[in-house]
file my_file_33.cif (mmCIF, C-alpha atoms and all ligand atoms)
data_final
#
loop_
_atom_site.label_atom_id
_atom_site.label_comp_id
_atom_site.auth_asym_id
_atom_site.auth_seq_id
_atom_site.Cartn_x
_atom_site.Cartn_y
_atom_site.Cartn_z
CA MET Y 1 -13.23 -11.41 32.51
CA SER Y 2 -11.51 -10.26 29.37
CA GLU Y 3 -11.89 -11.85 25.96
CA ARG Y 4 -9.53 -11.67 23.02
CA LEU Y 5 -9.58 -11.78 19.27
CA PRO Y 6 -6.27 -12.37 17.50
CA VAL Y 7 -5.63 -10.47 14.27
CA ASN Y 8 -3.19 -12.26 12.00
CA CYS Y 9 -2.17 -10.52 8.78
CA ASN Y 10 -0.06 -12.88 6.63
CA ARG Y 11 1.48 -14.26 9.82
CA LYS Y 12 3.67 -11.15 9.72
CA PHE Y 13 1.68 -8.83 11.90
CA CYS Y 14 -0.13 -10.53 14.72
CA TYR Y 15 -1.75 -8.73 17.57
CA ASP Y 16 -4.64 -9.25 19.92
CA ILE Y 17 -7.75 -7.20 20.33
CA VAL Y 18 -8.57 -7.48 24.04
CA PHE Y 19 -12.09 -6.73 25.28
CA ASP Y 20 -12.40 -5.73 28.91
CA GLN Y 21 -14.54 -3.71 31.33
CA SER Y 22 -11.69 -1.70 32.88
CA PHE Y 23 -8.02 -0.81 32.35
CA ASP Y 24 -6.84 -3.26 35.01
CA GLY Y 25 -5.96 -6.04 32.57
CA LEU Y 26 -3.48 -3.83 30.68
CA LYS Y 27 -0.64 -4.76 32.99
CA GLU Y 28 -0.96 -8.45 32.21
CA GLU Y 29 -1.44 -7.79 28.49
CA LEU Y 30 1.77 -5.80 28.29
CA ALA Y 31 3.87 -8.34 30.22
CA PRO Y 32 4.95 -10.23 27.04
CA PHE Y 33 6.51 -7.03 25.64
CA ALA Y 34 9.20 -7.00 28.35
CA LEU Y 35 8.97 -3.27 28.94
CA SER Y 36 10.55 -3.14 32.41
CA GLY Y 37 13.50 -0.95 31.39
CA ARG Y 38 11.50 1.00 28.81
CA LYS Y 39 9.60 4.25 28.50
CA LEU Y 40 5.99 4.57 27.42
CA CYS Y 41 4.31 7.74 26.20
CA ILE Y 42 0.55 7.95 26.46
CA VAL Y 43 -0.63 10.15 23.60
CA THR Y 44 -4.07 11.56 24.18
CA ASP Y 45 -6.16 14.69 23.68
CA THR Y 46 -7.59 17.32 25.98
CA MET Y 47 -11.00 15.60 25.98
CA VAL Y 48 -9.76 12.17 27.08
CA GLU Y 49 -6.80 13.19 29.24
CA PRO Y 50 -8.83 14.35 32.28
CA LEU Y 51 -10.99 11.23 32.08
CA TYR Y 52 -8.49 8.38 31.76
CA ALA Y 53 -4.84 9.39 31.36
CA LYS Y 54 -3.90 9.23 35.05
CA GLU Y 55 -5.71 5.95 35.53
CA VAL Y 56 -3.94 4.36 32.57
CA GLN Y 57 -0.63 5.88 33.66
CA ALA Y 58 -1.03 4.30 37.11
CA VAL Y 59 -1.61 0.86 35.58
CA LEU Y 60 1.28 1.21 33.13
CA LYS Y 61 3.74 2.38 35.81
CA ASP Y 62 3.98 -1.20 37.02
CA VAL Y 63 5.21 -2.55 33.68
CA CYS Y 64 7.88 -0.06 32.60
CA LYS Y 65 10.46 2.46 33.77
CA GLU Y 66 8.65 5.73 32.95
CA VAL Y 67 5.19 6.65 31.71
CA HIS Y 68 4.84 10.05 30.07
CA ILE Y 69 1.65 11.78 29.00
CA PHE Y 70 1.54 13.89 25.84
CA SER Y 71 -1.77 15.62 25.31
CA PHE Y 72 -2.83 17.71 22.32
CA PRO Y 73 -5.96 19.82 21.76
CA TYR Y 74 -9.13 17.86 20.99
CA GLY Y 75 -10.57 17.88 17.49
CA GLU Y 76 -10.03 16.87 13.87
CA GLU Y 77 -8.38 20.26 13.17
CA HIS Y 78 -5.41 19.12 15.27
CA LYS Y 79 -4.91 15.88 13.35
CA ASN Y 80 -2.05 17.33 11.37
CA LEU Y 81 1.72 17.36 10.91
CA GLU Y 82 2.10 20.24 13.36
CA THR Y 83 0.80 18.08 16.18
CA VAL Y 84 2.97 15.18 15.01
CA GLN Y 85 5.94 17.51 15.00
CA SER Y 86 5.33 18.60 18.57
CA LEU Y 87 5.06 14.94 19.55
CA TYR Y 88 8.41 14.20 17.82
CA VAL Y 89 9.97 17.09 19.77
CA TYR Y 90 8.57 15.72 23.01
CA LEU Y 91 9.90 12.24 22.28
CA ILE Y 92 13.33 13.52 21.27
CA GLU Y 93 13.61 15.78 24.31
CA HIS Y 94 12.66 12.88 26.58
CA HIS Y 95 15.10 10.53 24.84
CA PHE Y 96 12.63 7.99 23.54
CA ASP Y 97 14.46 5.29 21.62
CA ARG Y 98 13.39 2.57 19.21
CA LYS Y 99 12.38 0.06 21.84
CA ASP Y 100 10.19 2.51 23.73
CA MET Y 101 6.49 2.63 22.88
CA LEU Y 102 3.59 4.95 22.28
CA VAL Y 103 0.14 4.36 23.71
CA ALA Y 104 -2.77 5.88 21.80
CA LEU Y 105 -5.47 6.68 24.35
CA GLY Y 106 -8.55 8.20 22.74
CA GLY Y 107 -10.73 8.19 19.65
CA GLY Y 108 -9.94 7.95 15.96
CA VAL Y 109 -7.95 11.18 15.75
CA VAL Y 110 -5.65 10.16 18.60
CA GLY Y 111 -5.24 6.60 17.26
CA ASP Y 112 -4.47 7.66 13.68
CA LEU Y 113 -2.06 10.41 14.71
CA THR Y 114 -0.23 8.34 17.33
CA GLY Y 115 0.09 5.43 14.92
CA PHE Y 116 1.56 7.74 12.30
CA ALA Y 117 4.06 9.20 14.76
CA ALA Y 118 4.98 5.64 15.80
CA ALA Y 119 5.39 4.61 12.15
CA THR Y 120 7.80 7.45 11.42
CA TYR Y 121 9.68 8.28 14.63
CA LEU Y 122 13.14 6.68 14.33
CA ARG Y 123 11.80 4.85 11.24
CA GLY Y 124 9.19 3.11 13.35
CA ILE Y 125 8.59 2.28 16.99
CA GLY Y 126 5.91 0.14 18.60
CA PHE Y 127 2.52 1.41 19.67
CA ILE Y 128 -0.62 0.13 21.27
CA GLN Y 129 -4.17 1.29 20.74
CA ILE Y 130 -6.51 1.97 23.65
CA PRO Y 131 -9.61 3.22 21.81
CA THR Y 132 -12.07 5.08 24.02
CA THR Y 133 -14.81 5.89 21.49
CA LEU Y 134 -17.29 3.57 19.84
CA LEU Y 135 -16.01 4.62 16.42
CA ALA Y 136 -12.41 3.81 17.27
CA GLN Y 137 -13.36 0.51 18.90
CA VAL Y 138 -15.35 -0.81 15.97
CA ASP Y 139 -13.15 0.52 13.20
CA SER Y 140 -10.17 2.84 13.31
CA SER Y 141 -8.08 1.16 16.04
CA ILE Y 142 -7.92 -2.11 14.09
CA GLY Y 143 -5.94 -2.74 10.94
CA GLY Y 144 -2.97 -0.42 11.20
CA LYS Y 145 -4.17 2.50 9.08
CA THR Y 146 -2.43 5.55 10.50
CA GLY Y 147 -2.17 9.11 9.27
CA VAL Y 148 -3.04 12.76 9.52
CA ASP Y 149 -4.96 15.31 7.48
CA PHE Y 150 -2.92 17.58 5.24
CA SER Y 151 -4.04 20.98 4.09
CA GLN Y 152 -7.74 20.07 4.48
CA TYR Y 153 -7.27 16.70 2.74
CA LYS Y 154 -8.44 13.91 5.01
CA ASN Y 155 -5.83 11.28 5.94
CA MET Y 156 -3.70 12.34 2.97
CA VAL Y 157 -0.40 11.56 4.71
CA GLY Y 158 -0.09 8.21 6.40
CA ALA Y 159 1.37 4.74 6.70
CA PHE Y 160 0.29 1.22 7.47
CA HIS Y 161 1.74 0.47 10.89
CA MET Y 162 0.24 -2.32 12.93
CA PRO Y 163 -0.35 -1.86 16.66
CA LYS Y 164 1.19 -4.36 19.07
CA LEU Y 165 -2.09 -4.61 20.93
CA VAL Y 166 -5.59 -3.14 20.82
CA TYR Y 167 -7.07 -2.92 24.30
CA MET Y 168 -10.72 -1.93 24.69
CA ASN Y 169 -12.29 -0.97 27.99
CA PHE Y 170 -16.02 -0.97 27.27
CA GLY Y 171 -16.54 1.23 30.34
CA THR Y 172 -15.28 4.19 28.27
CA ILE Y 173 -18.41 4.03 26.10
CA THR Y 174 -20.44 5.40 29.02
CA SER Y 175 -18.42 8.63 29.10
CA LEU Y 176 -19.15 9.55 25.47
CA ASP Y 177 -21.60 12.34 24.85
CA GLU Y 178 -24.68 11.47 22.79
CA ARG Y 179 -23.27 12.89 19.58
CA GLN Y 180 -19.98 11.02 19.85
CA TYR Y 181 -21.70 7.77 20.72
CA PHE Y 182 -24.15 7.87 17.85
CA ALA Y 183 -21.46 9.01 15.41
CA GLY Y 184 -19.77 5.69 16.18
CA MET Y 185 -22.98 3.92 15.19
CA ALA Y 186 -22.38 5.00 11.59
CA GLU Y 187 -19.32 2.72 11.42
CA VAL Y 188 -21.28 -0.07 13.10
CA TYR Y 189 -24.06 0.34 10.56
CA LYS Y 190 -21.50 0.43 7.75
CA SER Y 191 -19.95 -2.86 8.94
CA ALA Y 192 -23.35 -4.54 8.79
CA LEU Y 193 -24.18 -3.08 5.38
CA ILE Y 194 -20.97 -4.22 3.71
CA LYS Y 195 -20.55 -7.65 5.24
CA ASP Y 196 -23.22 -8.90 7.61
CA ALA Y 197 -26.95 -8.88 6.86
CA ASP Y 198 -27.59 -10.73 10.16
CA LEU Y 199 -25.93 -7.90 12.06
CA PHE Y 200 -28.16 -5.43 10.22
CA VAL Y 201 -31.27 -7.28 11.42
CA TRP Y 202 -29.77 -7.61 14.91
CA LEU Y 203 -29.17 -3.84 15.04
CA LEU Y 204 -32.78 -3.15 14.13
CA ASP Y 205 -33.93 -5.65 16.77
CA HIS Y 206 -31.81 -3.95 19.43
CA ILE Y 207 -32.44 -0.27 18.73
CA TYR Y 208 -33.76 0.37 22.24
CA GLU Y 209 -30.85 -1.36 24.02
CA ILE Y 210 -28.28 0.30 21.73
CA CYS Y 211 -29.72 3.78 22.34
CA ASP Y 212 -29.77 2.99 26.05
CA ARG Y 213 -26.13 1.83 25.89
CA ASP Y 214 -27.03 -1.44 27.56
CA MET Y 215 -23.57 -2.86 28.27
CA ASP Y 216 -24.24 -6.45 27.20
CA THR Y 217 -25.71 -5.22 23.93
CA VAL Y 218 -22.90 -2.73 23.26
CA THR Y 219 -20.32 -5.42 24.06
CA GLU Y 220 -21.88 -7.88 21.63
CA MET Y 221 -22.20 -5.17 18.98
CA VAL Y 222 -18.57 -4.04 19.23
CA MET Y 223 -17.29 -7.62 19.21
CA ARG Y 224 -19.33 -8.45 16.11
CA CYS Y 225 -17.92 -5.41 14.31
CA CYS Y 226 -14.37 -6.29 15.36
CA ASN Y 227 -14.88 -9.76 13.89
CA ILE Y 228 -15.92 -8.20 10.58
CA LYS Y 229 -12.97 -5.82 10.59
CA LYS Y 230 -10.56 -8.62 11.53
CA ALA Y 231 -11.74 -10.75 8.61
CA VAL Y 232 -11.37 -7.88 6.15
CA VAL Y 233 -7.92 -6.69 7.25
CA GLU Y 234 -6.52 -10.20 7.57
CA LYS Y 235 -7.44 -10.86 3.96
CA ASP Y 236 -6.27 -7.50 2.63
CA PRO Y 237 -4.06 -5.68 5.15
CA THR Y 238 -2.87 -2.93 2.79
CA GLU Y 239 -6.07 -2.29 0.82
CA GLN Y 240 -5.16 -3.89 -2.47
CA GLY Y 241 -8.73 -5.09 -2.86
CA ASP Y 242 -11.63 -5.80 -0.52
CA ARG Y 243 -10.44 -3.61 2.35
CA ALA Y 244 -11.70 -0.68 0.28
CA LEU Y 245 -15.23 -1.91 1.04
CA LEU Y 246 -14.74 -0.47 4.53
CA ASN Y 247 -14.82 2.92 2.84
CA LEU Y 248 -18.58 2.72 2.20
CA GLY Y 249 -19.95 6.21 2.80
CA HIS Y 250 -16.47 7.67 3.22
CA THR Y 251 -15.87 9.20 -0.21
CA VAL Y 252 -18.74 11.65 -0.08
CA GLY Y 253 -18.55 11.55 3.74
CA HIS Y 254 -15.02 12.97 3.74
CA ALA Y 255 -16.07 15.64 1.24
CA ILE Y 256 -18.94 16.70 3.51
CA GLU Y 257 -16.59 16.72 6.50
CA LYS Y 258 -14.33 19.16 4.63
CA TYR Y 259 -17.27 21.15 3.26
CA MET Y 260 -18.59 21.55 6.81
CA ASN Y 261 -15.17 22.67 8.00
CA PHE Y 262 -15.02 19.68 10.33
CA GLN Y 263 -17.96 21.03 12.34
CA MET Y 264 -19.78 17.73 11.82
CA LEU Y 265 -18.37 14.52 13.28
CA HIS Y 266 -16.76 11.93 11.01
CA GLY Y 267 -19.47 9.36 11.76
CA GLU Y 268 -22.25 11.85 10.99
CA CYS Y 269 -20.68 12.56 7.60
CA VAL Y 270 -20.23 8.83 6.96
CA ALA Y 271 -23.97 8.38 7.59
CA LEU Y 272 -24.70 10.98 4.90
CA GLY Y 273 -22.16 9.31 2.62
CA ILE Y 274 -23.95 5.98 3.15
CA VAL Y 275 -27.26 7.58 2.09
CA CYS Y 276 -25.55 8.91 -1.03
CA ALA Y 277 -23.93 5.56 -1.88
CA ALA Y 278 -27.19 3.68 -1.30
CA TYR Y 279 -29.04 6.17 -3.51
CA ILE Y 280 -26.52 5.69 -6.33
CA SER Y 281 -26.82 1.92 -5.84
CA TRP Y 282 -30.58 2.22 -6.30
CA LYS Y 283 -30.23 4.41 -9.39
CA LYS Y 284 -27.78 1.91 -10.87
CA GLU Y 285 -30.36 -0.82 -10.18
CA LEU Y 286 -28.19 -2.66 -7.68
CA LEU Y 287 -30.67 -2.01 -4.86
CA SER Y 288 -34.44 -1.76 -5.05
CA MET Y 289 -36.18 1.46 -4.07
CA ASP Y 290 -37.50 -0.20 -0.89
CA GLU Y 291 -34.00 -1.33 0.06
CA TYR Y 292 -32.69 2.20 -0.47
CA TYR Y 293 -35.35 3.76 1.74
CA GLU Y 294 -34.90 1.13 4.42
CA ILE Y 295 -31.13 1.68 4.52
CA ARG Y 296 -31.58 5.44 4.65
CA ASP Y 297 -34.40 5.56 7.16
CA MET Y 298 -32.89 3.06 9.60
CA LEU Y 299 -30.10 5.56 10.27
CA VAL Y 300 -32.64 7.82 11.95
CA PRO Y 301 -33.29 5.75 15.12
CA PHE Y 302 -29.53 5.83 15.71
CA ASN Y 303 -29.68 9.63 15.76
CA LEU Y 304 -27.69 9.88 12.54
CA PRO Y 305 -28.37 12.55 9.90
CA ILE Y 306 -29.81 11.60 6.51
CA SER Y 307 -30.16 15.11 5.07
CA LEU Y 308 -28.57 18.55 5.05
CA THR Y 309 -29.76 22.08 4.38
CA ASP Y 310 -27.92 24.86 2.57
CA ILE Y 311 -25.33 22.83 0.74
CA ASP Y 312 -23.64 23.44 -2.58
CA PRO Y 313 -23.68 20.01 -4.28
CA GLN Y 314 -21.15 21.09 -6.94
CA GLU Y 315 -18.68 22.10 -4.26
CA ILE Y 316 -19.15 18.79 -2.45
CA LEU Y 317 -18.64 16.95 -5.75
CA LYS Y 318 -15.41 18.89 -6.29
CA LEU Y 319 -14.19 17.93 -2.83
CA THR Y 320 -15.21 14.31 -3.45
CA LYS Y 321 -12.92 14.20 -6.43
CA SER Y 322 -9.96 15.41 -4.44
CA ASP Y 323 -10.29 12.52 -1.98
CA LYS Y 324 -7.54 9.94 -2.09
CA LYS Y 325 -9.71 6.99 -3.07
CA MET Y 326 -8.83 7.27 -6.73
CA ASP Y 327 -7.68 4.62 -9.16
CA GLN Y 328 -6.16 5.95 -12.41
CA GLY Y 329 -8.18 9.13 -12.16
CA LYS Y 330 -11.44 7.33 -11.31
CA ILE Y 331 -13.10 7.36 -7.92
CA LYS Y 332 -13.27 3.95 -6.26
CA PHE Y 333 -16.86 4.18 -5.14
CA ILE Y 334 -18.29 1.60 -2.76
CA LEU Y 335 -21.85 0.63 -3.66
CA LEU Y 336 -24.30 -1.87 -2.22
CA LYS Y 337 -25.76 -4.86 -4.06
CA LYS Y 338 -27.86 -5.72 -1.04
CA VAL Y 339 -27.62 -5.40 2.71
CA GLY Y 340 -24.48 -7.34 3.63
CA LYS Y 341 -22.90 -7.17 0.17
CA ALA Y 342 -20.82 -4.24 -1.04
CA ILE Y 343 -18.87 -3.83 -4.26
CA ILE Y 344 -16.16 -1.54 -5.62
CA ASP Y 345 -17.34 0.45 -8.64
CA THR Y 346 -15.08 2.74 -10.65
CA SER Y 347 -17.76 3.59 -13.20
CA VAL Y 348 -19.81 6.05 -11.12
CA THR Y 349 -20.11 9.28 -13.09
CA ASP Y 350 -20.02 12.85 -11.80
CA GLU Y 351 -23.72 13.16 -12.65
CA GLU Y 352 -24.54 10.10 -10.55
CA ILE Y 353 -22.51 11.42 -7.61
CA LEU Y 354 -24.11 14.83 -7.96
CA ALA Y 355 -27.58 13.26 -7.96
CA GLY Y 356 -26.63 11.36 -4.80
CA ILE Y 357 -25.45 14.56 -3.12
CA LYS Y 358 -28.62 16.40 -4.18
CA GLU Y 359 -30.67 13.58 -2.66
CA LEU Y 360 -29.29 14.71 0.71
CA ILE Y 361 -30.84 18.15 0.46
CA PHE Y 362 -33.65 18.44 2.97
CA ASP Y 363 -36.93 19.14 1.25
CA GLU Y 364 -39.51 20.61 3.65
CA THR Y 365 -42.35 19.72 1.30
CA GLU Y 366 -41.62 15.98 1.54
N1 LIG Y 401 -11.35 2.53 8.31
C1 LIG Y 401 -11.20 1.84 7.11
C2 LIG Y 401 -10.07 0.87 7.13
O1 LIG Y 401 -9.53 0.59 8.17
O2 LIG Y 401 -9.69 0.38 6.10
#
call {"tool": "encode", "arguments": {"input": "my_file_33.cif", "output": "structure tokens"}}
result
Amino acid sequence: MSERLPVNCNRKFCYDIVFDQSFDGLKEELAPFALSGRKLCIVTDTMVEPLYAKEVQAVLKDVCKEVHIFSFPYGEEHKNLETVQSLYVYLIEHHFDRKDMLVALGGGVVGDLTGFAAATYLRGIGFIQIPTTLLAQVDSSIGGKTGVDFSQYKNMVGAFHMPKLVYMNFGTITSLDERQYFAGMAEVYKSALIKDADLFVWLLDHIYEICDRDMDTVTEMVMRCCNIKKAVVEKDPTEQGDRALLNLGHTVGHAIEKYMNFQMLHGECVALGIVCAAYISWKKELLSMDEYYEIRDMLVPFNLPISLTDIDPQEILKLTKSDKKMDQGKIKFILLKKVGKAIIDTSVTDEEILAGIKELIFDETE
């Protein structure tokens, strides 16, 4: 039995998030879009394609005229304009028009890139999100942020373009490798930290079930995060204010991602960014020392990193300042006042950021 959560941004962009255990319900969900004479293009990557593309194609064949599959190489290094360009070429050569649709089947990279191609091809065509990773299900597939990396700058080129539907098959969570699964936990943890102290406690109470990927627990967890994300993006769809809170851990996180040459996963870097933000929050007397250590140490049972070796903090600071979360030359830093309450702070100094980055350095004597 599927469940649904409508997302309604200013009554202008309404779409459902559908929660299911398989892809079977897609056919019914797409019926209202009257696609019978239309073409769909499943956009996916080489990791997800062998797992689900044919299955999704078979379901979609019943609702439209043609279902194409466009697959690009897996990995953040392919989230760029070159890949978008090859997708444009594919769509042009196969005569996709404005009423045809793209289907993003995969994790955050696939969702962001497909959404961006949909936002820009023929000045905008429809797309649906079928997120297959925990990270994409709890965060990136919802809210219409689309984009690609540009010349090592994360998500520097993009557009807000709302999906027509977000369809989650929780069965896909079982196919994630350990690293991918736990990287998604960083965004779950972030959601709790910024908005929901009860979820934070619930996560700690369910560590065993979460690590075991118990389906009922994972389902409840994803749905709770989607409720948080829905509330945030409904209130502030284009990040004029509170939506920025979702960037907790992302400013330094993105810098570490770049510093590590994208060899660490986005969620892993967000976990380190959360440690850094919580440390700065402690030093600015927003959090107590105990709160800081609890926030940091509770990342560990979810297999998330809290320290690094061999880093150059100055270089990471430099990269942090080239991130796009700037407001009149100042970084919009997200800090924590307590678990469940985040704030935007534009007064964080370079010294404070540097101290936060240095806090990440693994000290064997500790
Ligand atoms: N992933 C952050 C946002 O959607 O705003």
call {"tool": "residues_around", "arguments": {"input": "my_file_33.cif", "residues": "Y:Ala197", "least_positions_apart": "5", "cutoff": "6 Å", "atoms": "only C-alpha atoms", "output": "list of chain:residue names"}}
result
Y:Ala192, Y:Val339, Y:Gly340
call {"tool": "residues_around", "arguments": {"input": "my_file_33.cif", "residues": "stretch 112-116 of chain Y", "least_positions_apart": "4", "cutoff": "7 Å", "atoms": "all atoms listed in the file", "output": "list of chain:residue names"}}
result
Y:Val43, Y:Lys79, Y:Val84, Y:Ala104, Y:Gly108, Y:Thr120, Y:Phe127, Y:Lys145, Y:Thr146, Y:Gly147, Y:Val148, Y:Gly158, Y:Ala159, Y:His161
call {"tool": "residues_around", "arguments": {"input": "my_file_33.cif", "residues": "Y:Asp139", "least_positions_apart": "3", "cutoff": "7 Å", "atoms": "all atoms listed in the file", "output": "PyMOL selection string"}}
result
chain Y and resi 135-136+142+187+229
call {"tool": "closest_residue", "arguments": {"input": "my_file_33.cif", "among": "Y:Val222, Y:Val233, Y:Ile331, Y:Leu134", "to": "Y:Phe160", "atoms": "all atoms listed in the file"}}
result
Y:Val233
call {"tool": "residues_near_ligand", "arguments": {"input": "my_file_33.cif", "ligand": "ligand LIG 401 (chain Y)", "cutoff": "6 Å", "atoms": "all atoms listed in the file", "output": "PyMOL selection string"}}
result
chain Y and resi 139-140+143+145+243+246-247
call {"tool": "residues_near_point", "arguments": {"input": "my_file_33.cif", "point": "(-12.6, 5.4, -3.1)", "cutoff": "10 Å", "atoms": "all atoms listed in the file", "output": "PyMOL selection string"}}
result
chain Y and resi 244-252+320-321+323-327+330-334+344-346
call {"tool": "residues_around", "arguments": {"input": "my_file_33.cif", "residues": "Y:Gln129", "least_positions_apart": "6", "cutoff": "7 Å", "atoms": "all atoms listed in the file", "output": "list in words"}}
result
Val103, Ala104, Leu105, Gly111, Ser141, Pro163, Leu165, Val166 and Tyr167 of chain Y
call {"tool": "residues_near_point", "arguments": {"input": "my_file_33.cif", "point": "(-29.0, 6.2, 9.5)", "cutoff": "8 Å", "atoms": "all atoms listed in the file", "output": "MDAnalysis selection string"}}
result
chainID Y and resid 186 189 271:272 275 295:306
call {"tool": "closest_residue", "arguments": {"input": "my_file_33.cif", "among": "Y:Glu268, Y:Ile280, Y:Pro237, Y:Val48", "to": "Y:Asn8", "atoms": "all atoms listed in the file"}}
result
Y:Pro237
call {"tool": "residues_around", "arguments": {"input": "my_file_33.cif", "residues": "Y:Met215", "least_positions_apart": "2", "cutoff": "9 Å", "atoms": "all atoms listed in the file", "output": "PDB file with C-alpha atoms, in the frame of the given file"}}
result
ATOM      1  CA  PHE Y 170     -16.020  -0.970  27.270  1.00  0.00           C
ATOM      2  CA  GLY Y 171     -16.540   1.230  30.340  1.00  0.00           C
ATOM      3  CA  ILE Y 173     -18.410   4.030  26.100  1.00  0.00           C
ATOM      4  CA  THR Y 174     -20.440   5.400  29.020  1.00  0.00           C
ATOM      5  CA  GLU Y 209     -30.850  -1.360  24.020  1.00  0.00           C
ATOM      6  CA  ILE Y 210     -28.280   0.300  21.730  1.00  0.00           C
ATOM      7  CA  ASP Y 212     -29.770   2.990  26.050  1.00  0.00           C
ATOM      8  CA  ARG Y 213     -26.130   1.830  25.890  1.00  0.00           C
ATOM      9  CA  THR Y 217     -25.710  -5.220  23.930  1.00  0.00           C
ATOM     10  CA  VAL Y 218     -22.900  -2.730  23.260  1.00  0.00           C
ATOM     11  CA  THR Y 219     -20.320  -5.420  24.060  1.00  0.00           C
ATOM     12  CA  GLU Y 220     -21.880  -7.880  21.630  1.00  0.00           C
TER      13      GLU Y 220
END
call {"tool": "closest_residue", "arguments": {"input": "my_file_33.cif", "among": "Y:Val56, Y:Leu308, Y:Met162, Y:Met264", "to": "Y:Gly144", "atoms": "only C-alpha atoms"}}
result
Y:Met162
call {"tool": "closest_residue", "arguments": {"input": "my_file_33.cif", "among": "Y:Arg123, Y:Lys27, Y:Arg38, Y:Lys258", "to": "Y:Val59", "atoms": "all atoms listed in the file"}}
result
Y:Lys27
call {"tool": "closest_residue", "arguments": {"input": "my_file_33.cif", "among": "Y:Ser347, Y:Gln314, Y:Ser281, Y:Ser288", "to": "Y:Leu335", "atoms": "all atoms listed in the file"}}
result
Y:Ser281
call {"tool": "atom_distance", "arguments": {"input": "my_file_33.cif", "atom1": "atom CA of Y:Trp282", "atom2": "atom CA of Y:Phe262"}}
result
28.7 Å
call {"tool": "closest_residue", "arguments": {"input": "my_file_33.cif", "among": "Y:Asp177, Y:Val138, Y:Lys283, Y:Val110", "to": "Y:Ile228", "atoms": "all atoms listed in the file"}}
result
Y:Val138
call {"tool": "atom_distance", "arguments": {"input": "my_file_33.cif", "atom1": "atom CA of Y:Glu29", "atom2": "atom CA of Y:Ile17"}}
result
10.3 Å
call {"tool": "atom_distance", "arguments": {"input": "my_file_33.cif", "atom1": "atom CA of Y:Asp100", "atom2": "atom CA of Y:Gln85"}}
result
17.9 Å
call {"tool": "build_atoms", "arguments": {"input": "my_file_33.cif", "residues": "stretch 326-340 of chain Y", "atoms": "N, CA and C atoms", "output": "short mmCIF file (atom, residue, chain, number, x, y, z; two decimals), keeping the file's coordinate frame"}}
result
data_model
loop_
_atom_site.label_atom_id
_atom_site.label_comp_id
_atom_site.auth_asym_id
_atom_site.auth_seq_id
_atom_site.Cartn_x
_atom_site.Cartn_y
_atom_site.Cartn_z
N MET Y 326 -8.79 7.22 -5.28
CA MET Y 326 -8.83 7.27 -6.73
C MET Y 326 -8.02 6.12 -7.30
N ASP Y 327 -8.41 5.67 -8.47
CA ASP Y 327 -7.68 4.62 -9.16
C ASP Y 327 -7.58 5.07 -10.61
N GLN Y 328 -6.39 5.44 -11.05
CA GLN Y 328 -6.16 5.95 -12.41
C GLN Y 328 -7.18 7.05 -12.77
N GLY Y 329 -7.30 8.00 -11.88
CA GLY Y 329 -8.18 9.13 -12.16
C GLY Y 329 -9.66 8.87 -11.91
N LYS Y 330 -10.02 7.62 -11.57
CA LYS Y 330 -11.44 7.33 -11.31
C LYS Y 330 -11.64 7.10 -9.82
N ILE Y 331 -12.80 7.55 -9.33
CA ILE Y 331 -13.10 7.36 -7.92
C ILE Y 331 -13.48 5.89 -7.68
N LYS Y 332 -12.87 5.31 -6.65
CA LYS Y 332 -13.27 3.95 -6.26
C LYS Y 332 -14.48 4.07 -5.34
N PHE Y 333 -15.64 3.98 -5.92
CA PHE Y 333 -16.86 4.18 -5.14
C PHE Y 333 -17.32 2.83 -4.57
N ILE Y 334 -17.77 2.84 -3.35
CA ILE Y 334 -18.29 1.60 -2.76
C ILE Y 334 -19.82 1.66 -2.82
N LEU Y 335 -20.39 0.69 -3.51
CA LEU Y 335 -21.85 0.63 -3.66
C LEU Y 335 -22.36 -0.64 -3.00
N LEU Y 336 -23.69 -0.71 -2.87
CA LEU Y 336 -24.30 -1.87 -2.22
C LEU Y 336 -25.12 -2.67 -3.24
N LYS Y 337 -24.92 -3.99 -3.22
CA LYS Y 337 -25.76 -4.86 -4.06
C LYS Y 337 -26.97 -5.30 -3.27
N LYS Y 338 -26.76 -5.46 -1.98
CA LYS Y 338 -27.86 -5.72 -1.04
C LYS Y 338 -27.29 -5.48 0.36
N VAL Y 339 -28.13 -5.54 1.35
CA VAL Y 339 -27.62 -5.40 2.71
C VAL Y 339 -26.69 -6.58 2.97
N GLY Y 340 -25.46 -6.28 3.37
CA GLY Y 340 -24.48 -7.34 3.63
C GLY Y 340 -23.56 -7.62 2.46
#
